[in-house]
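Colleague: To be precise about what I am sending: the file is called final.txt and holds compact mmCIF, C-alpha atoms.
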# COMPACT_ATOMS: atom_id res chain seq x y z
CA MET P 509 15.03 -25.36 -0.67
CA GLY P 510 15.76 -23.25 2.41
CA ARG P 511 15.39 -19.54 2.87
CA VAL P 512 17.99 -17.58 0.94
CA SER P 513 19.74 -14.83 2.91
CA ILE P 514 19.54 -11.24 1.72
CA PRO P 515 22.77 -10.11 0.06
CA GLN P 516 24.40 -7.00 1.53
CA HIS P 517 25.60 -5.30 -1.69
CA ARG P 518 23.84 -4.39 -4.94
CA ALA P 519 26.25 -6.47 -7.04
CA ASP P 520 25.58 -9.53 -4.86
CA LEU P 521 21.81 -8.95 -4.93
CA VAL P 522 21.85 -8.76 -8.72
CA ARG P 523 24.27 -11.71 -9.09
CA GLN P 524 22.12 -13.91 -6.85
CA ALA P 525 19.00 -12.99 -8.83
CA VAL P 526 20.76 -13.73 -12.14
CA GLU P 527 22.10 -17.08 -10.91
CA ARG P 528 18.80 -18.23 -9.42
CA PHE P 529 16.94 -17.08 -12.54
CA ALA P 530 19.30 -19.14 -14.70
CA GLU P 531 18.61 -22.17 -12.47
CA LEU P 532 14.89 -21.53 -12.82
CA GLU P 533 15.15 -21.27 -16.61
CA ARG P 534 17.00 -24.61 -16.75
CA ALA P 535 14.38 -26.23 -14.50
CA LEU P 536 11.56 -24.88 -16.65
CA ASP P 537 13.35 -26.06 -19.80
CA GLY P 538 13.47 -29.55 -18.28
CA LEU P 539 9.73 -29.80 -17.63
CA ASP P 540 7.59 -32.03 -19.80
CA GLY P 541 4.89 -29.56 -20.84
CA VAL P 542 3.56 -27.26 -18.12
CA ALA P 543 2.44 -29.80 -15.52
CA LEU P 544 4.28 -29.78 -12.25
CA PRO P 545 6.16 -33.04 -11.66
CA GLY P 546 4.57 -35.47 -9.23
CA ARG P 547 1.35 -33.48 -8.94
CA ASP P 548 -2.06 -34.56 -10.12
CA GLU P 549 -3.65 -31.70 -8.20
CA PRO P 550 -2.73 -27.99 -8.04
CA MET P 551 0.09 -26.98 -5.72
CA THR P 552 -0.89 -26.13 -2.18
CA ASP P 553 0.95 -23.26 -0.54
CA ALA P 554 1.45 -24.15 3.12
CA ALA P 555 0.19 -20.70 4.08
CA ALA P 556 -2.84 -20.77 1.80
CA PRO P 557 -6.06 -22.56 2.69
CA GLU P 558 -6.61 -23.79 -0.87
CA PRO P 559 -4.47 -24.81 -3.84
CA ARG P 560 -3.20 -21.79 -5.74
CA ASP P 561 -0.92 -22.75 -8.61
CA ARG P 562 -2.10 -25.49 -10.93
CA ASP P 563 0.97 -25.69 -13.14
CA ALA P 564 4.31 -24.17 -14.12
CA VAL P 565 2.59 -21.36 -16.03
CA ASP P 566 0.89 -20.26 -12.80
CA VAL P 567 4.28 -20.27 -11.04
CA VAL P 568 5.88 -18.22 -13.85
CA ASN P 569 2.98 -15.77 -13.87
CA HIS P 570 3.18 -15.47 -10.07
CA LEU P 571 6.83 -14.44 -10.31
CA HIS P 572 6.05 -11.94 -13.06
CA ALA P 573 3.21 -10.39 -11.06
CA TRP P 574 5.52 -9.83 -8.10
CA HIS P 575 8.12 -8.26 -10.42
CA VAL P 576 5.43 -5.80 -11.51
CA LEU P 577 4.72 -4.99 -7.86
CA LEU P 578 8.45 -4.55 -7.14
CA LEU P 579 8.90 -2.21 -10.09
CA GLY P 580 5.96 -0.13 -8.87
CA TRP P 581 7.39 0.06 -5.35
CA LEU P 582 10.81 1.11 -6.67
CA ALA P 583 9.31 3.76 -8.97
CA ALA P 584 7.15 5.21 -6.20
CA ASP P 585 10.05 5.22 -3.77
CA ALA P 586 12.30 6.96 -6.32
CA ALA P 587 9.59 9.63 -6.71
CA GLY P 588 9.55 10.15 -2.95
CA GLU P 589 6.16 8.52 -2.56
CA ALA P 590 5.09 5.72 -0.23
CA PRO P 591 3.64 2.96 -2.41
CA SER P 592 0.75 0.75 -1.45
CA TYR P 593 2.56 -2.16 0.12
CA PRO P 594 2.06 -4.91 -0.74
CA ALA P 595 -0.61 -3.60 -3.15
CA ASP P 596 -3.50 -1.19 -3.27
CA GLY P 597 -6.39 -2.65 -1.27
CA TYR P 598 -4.28 -5.34 0.40
CA THR P 599 -2.33 -5.72 3.63
CA TRP P 600 0.14 -8.50 4.38
CA ARG P 601 -2.71 -10.28 6.20
CA ASP P 602 -4.41 -10.42 2.78
CA LEU P 603 -1.45 -12.17 1.14
CA ASP P 604 -3.41 -15.30 0.21
CA ARG P 605 -6.13 -13.20 -1.47
CA LEU P 606 -3.51 -11.02 -3.19
CA ASN P 607 -1.70 -14.09 -4.56
CA ARG P 608 -4.97 -15.60 -5.82
CA ASP P 609 -5.94 -12.29 -7.43
CA LEU P 610 -2.52 -12.01 -9.07
CA ARG P 611 -2.89 -15.59 -10.32
CA ASP P 612 -6.35 -14.87 -11.70
CA ARG P 613 -5.07 -11.78 -13.53
CA TYR P 614 -3.03 -14.06 -15.82
CA ARG P 615 -5.14 -17.24 -15.82
CA GLY P 616 -6.70 -16.39 -19.18
CA ASP P 617 -3.30 -16.64 -20.86
CA ALA P 618 -2.05 -20.18 -20.34
CA ASP P 619 0.58 -19.95 -23.10
CA PRO P 620 3.85 -21.06 -21.47
CA THR P 621 5.97 -19.24 -24.07
CA ALA P 622 4.19 -15.92 -23.50
CA ALA P 623 4.39 -16.38 -19.72
CA ARG P 624 8.14 -17.01 -19.85
CA GLU P 625 8.68 -14.03 -22.17
CA ARG P 626 6.78 -11.79 -19.71
CA LEU P 627 8.82 -13.18 -16.84
CA ARG P 628 12.13 -12.64 -18.64
CA ALA P 629 11.17 -9.07 -19.51
CA SER P 630 10.07 -8.18 -15.97
CA HIS P 631 13.17 -9.88 -14.52
CA LEU P 632 15.42 -7.82 -16.79
CA SER P 633 13.48 -4.62 -15.95
CA ALA P 634 13.89 -5.24 -12.22
CA LEU P 635 17.62 -5.94 -12.65
CA ALA P 636 18.08 -2.80 -14.74
CA ARG P 637 16.31 -0.73 -12.09
CA LEU P 638 18.52 -2.17 -9.33
CA ASP P 639 21.64 -1.72 -11.48
CA ALA P 640 20.79 1.99 -11.79
CA MET P 641 20.71 2.35 -8.00
CA THR P 642 23.54 2.66 -5.51
CA ASP P 643 24.18 0.42 -2.54
CA ALA P 644 23.08 3.29 -0.30
CA GLU P 645 19.76 3.63 -2.13
CA ILE P 646 19.06 -0.09 -1.84
CA PHE P 647 20.48 -0.92 1.58
CA THR P 648 19.80 2.15 3.73
CA ASP P 649 17.18 1.34 6.35
CA GLY P 650 14.49 3.71 7.45
CA ARG P 651 11.79 3.67 4.79
CA GLU P 652 8.52 4.24 6.60
CA TRP P 653 6.47 2.28 4.07
CA LEU P 654 8.78 -0.70 4.75
CA ARG P 655 8.45 -0.27 8.53
CA GLY P 656 12.02 0.98 8.73
CA ALA P 657 13.60 -1.62 6.46
CA SER P 658 15.59 -1.08 3.27
CA LEU P 659 14.65 -1.77 -0.35
CA ALA P 660 16.95 -4.80 -0.26
CA GLU P 661 14.33 -6.93 1.46
CA PRO P 662 11.50 -6.63 -1.08
CA ALA P 663 14.01 -6.67 -3.95
CA HIS P 664 15.50 -9.93 -2.71
CA GLU P 665 12.11 -11.45 -1.93
CA CYS P 666 10.78 -10.66 -5.43
CA LEU P 667 13.93 -11.84 -7.19
CA GLY P 668 16.47 -14.35 -5.81
CA GLY P 669 14.36 -15.40 -2.85
CA HIS P 670 11.27 -15.88 -4.99
CA TYR P 671 13.23 -17.87 -7.57
CA ALA P 672 14.37 -20.22 -4.80
CA TRP P 673 10.69 -20.74 -3.89
CA ALA P 674 9.79 -21.37 -7.54
CA LEU P 675 12.57 -23.91 -7.95
CA GLY P 676 11.15 -25.86 -5.03
CA ALA P 677 7.62 -25.47 -6.34
CA ILE P 678 8.35 -26.85 -9.79
CA ALA P 679 10.59 -29.63 -8.47
CA GLY P 680 7.53 -31.37 -7.10
CA PRO P 681 7.04 -33.05 -3.78
CA ALA P 682 10.07 -34.56 -2.11
CA ALA P 683 10.48 -38.27 -2.60
CA PRO P 684 9.61 -40.31 0.49
CA THR P 685 12.56 -41.19 2.64
CA PRO P 686 13.20 -44.96 2.72
CA ALA P 687 12.47 -46.52 6.12
Write the structure described by the file as structure tokens, please.

Modeller:
Amino acid sequence: MGRVSIPQHRADLVRQAVERFAELERALDGLDGVALPGRDEPMTDAAAPEPRDRDAVDVVNHLHAWHVLLLGWLAADAAGEAPSYPADGYTWRDLDRLNRDLRDRYRGDADPTAARERLRASHLSALARLDAMTDAEIFTDGREWLRGASLAEPAHECLGGHYAWALGAIAGPAAPTPA
């Protein structure tokens, strides 16, 4: 699945997130258990030096963890504070370590039902937060903590854009092309 462009209006940002989340829910409903189709080994993120996500629960927990980060960024921004971005103790160069640490935070709870309930709740919380904001609040550039960007970029990346990644991740490896 290719990169999803960032919508330019709050309603479109929310609609895209809702639509992609519904696709994700259908894909998760179609899985046999929690294993990722076509994978005997954990998923390997092209950017990560080692496998990160072993199954669909790890993918679901990964999405939830980034929702939690997004909600923290939005709350800090609304309070006029610059949040730790991407997270306290991490820079974007530490993304692999951050993602592994986020994964490990939830590894003890491998219950797919609990993971999906957490994901649904954090998804709805993020949508509610965005719904309470105006287009100007979301799309006005210039936030120093975002290096001059708007809130639309991290909101999209943690919602619709991240769901597109997850859909590809749980779909399994592409079938070989016939010669």

Colleague: Name the residues in contact with range 563-576 of chain P at a cut-off of 9 Å, using all atoms listed in the file, excluding same-chain residues fewer than 5 positions from it; report them as a PyMOL selection string.

Modeller: chain P and resi 536+539+541-544+547+550-551+581+607+610-611+613-615+617-621+623-624+626-631+633-634+663+666-667+670-671+674+677-678

Colleague: Hey, what's within 8 Å of range 587-604 of chain P if we count only C-alpha atoms and toss same-chain stuff fewer than 2 positions away? As a PDB file with C-alpha atoms, in the frame of the given file, please?

Modeller:
ATOM      1  CA  ALA P 555       0.190 -20.700   4.080  1.00  0.00           C
ATOM      2  CA  ALA P 556      -2.840 -20.770   1.800  1.00  0.00           C
ATOM      3  CA  LEU P 577       4.720  -4.990  -7.860  1.00  0.00           C
ATOM      4  CA  GLY P 580       5.960  -0.130  -8.870  1.00  0.00           C
ATOM      5  CA  TRP P 581       7.390   0.060  -5.350  1.00  0.00           C
ATOM      6  CA  ALA P 583       9.310   3.760  -8.970  1.00  0.00           C
ATOM      7  CA  ALA P 584       7.150   5.210  -6.200  1.00  0.00           C
ATOM      8  CA  ASP P 585      10.050   5.220  -3.770  1.00  0.00           C
ATOM      9  CA  LEU P 606      -3.510 -11.020  -3.190  1.00  0.00           C
ATOM     10  CA  ASN P 607      -1.700 -14.090  -4.560  1.00  0.00           C
ATOM     11  CA  ARG P 608      -4.970 -15.600  -5.820  1.00  0.00           C
ATOM     12  CA  GLU P 652       8.520   4.240   6.600  1.00  0.00           C
ATOM     13  CA  TRP P 653       6.470   2.280   4.070  1.00  0.00           C
ATOM     14  CA  LEU P 654       8.780  -0.700   4.750  1.00  0.00           C
TER      15      LEU P 654
END

Colleague: Rank P:Gly676, P:Gly656, P:Pro662, P:Pro515 by their smallest atom-to-atom distance to Asp643 in chain P, using all atoms listed in the file, and report the top residue only.

Modeller: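 Once distances to Asp643 in chain P are computed over all atoms listed in the file, the minimum belongs to P:Pro515.
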
Colleague: Between P:His517, P:Arg637, P:Arg528, P:Arg523, which one has atoms that come closest to Glu661 in chain P, using only C-alpha atoms?

Modeller: P:His517

Colleague: How many Å separate CA of Gly538 in chain P from CA of Arg560 in chain P?

Modeller: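 Separating CA of Gly538 in chain P from CA of Arg560 in chain P is a distance of 22.3 Å.
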
Colleague: Please compute the CA of Ser513 in chain P-CA of Leu659 in chain P distance, one decimal, in Å.

Modeller: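 Separation between CA of Ser513 in chain P and CA of Leu659 in chain P: 14.4 Å.
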
Colleague: Mind pulling up the distance from CA of Leu578 in chain P to CA of Ala636 in chain P?

Modeller: 12.4 Å

Colleague: Please determine, counting all atoms listed in the file, which residue among P:Ile514, P:Ala660, P:Val526, P:Ala519 has the shortest atom-to-atom distance to Asp639 in chain P.

Modeller: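 Using all atoms listed in the file, Asp639 in chain P sits closest to P:Ala519.
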
Colleague: With only C-alpha atoms as the basis for distance, which of P:Leu635, P:Met641, P:Ala679, P:Ala586 is at the shortest distance from Gln524 in chain P?

Modeller: P:Leu635
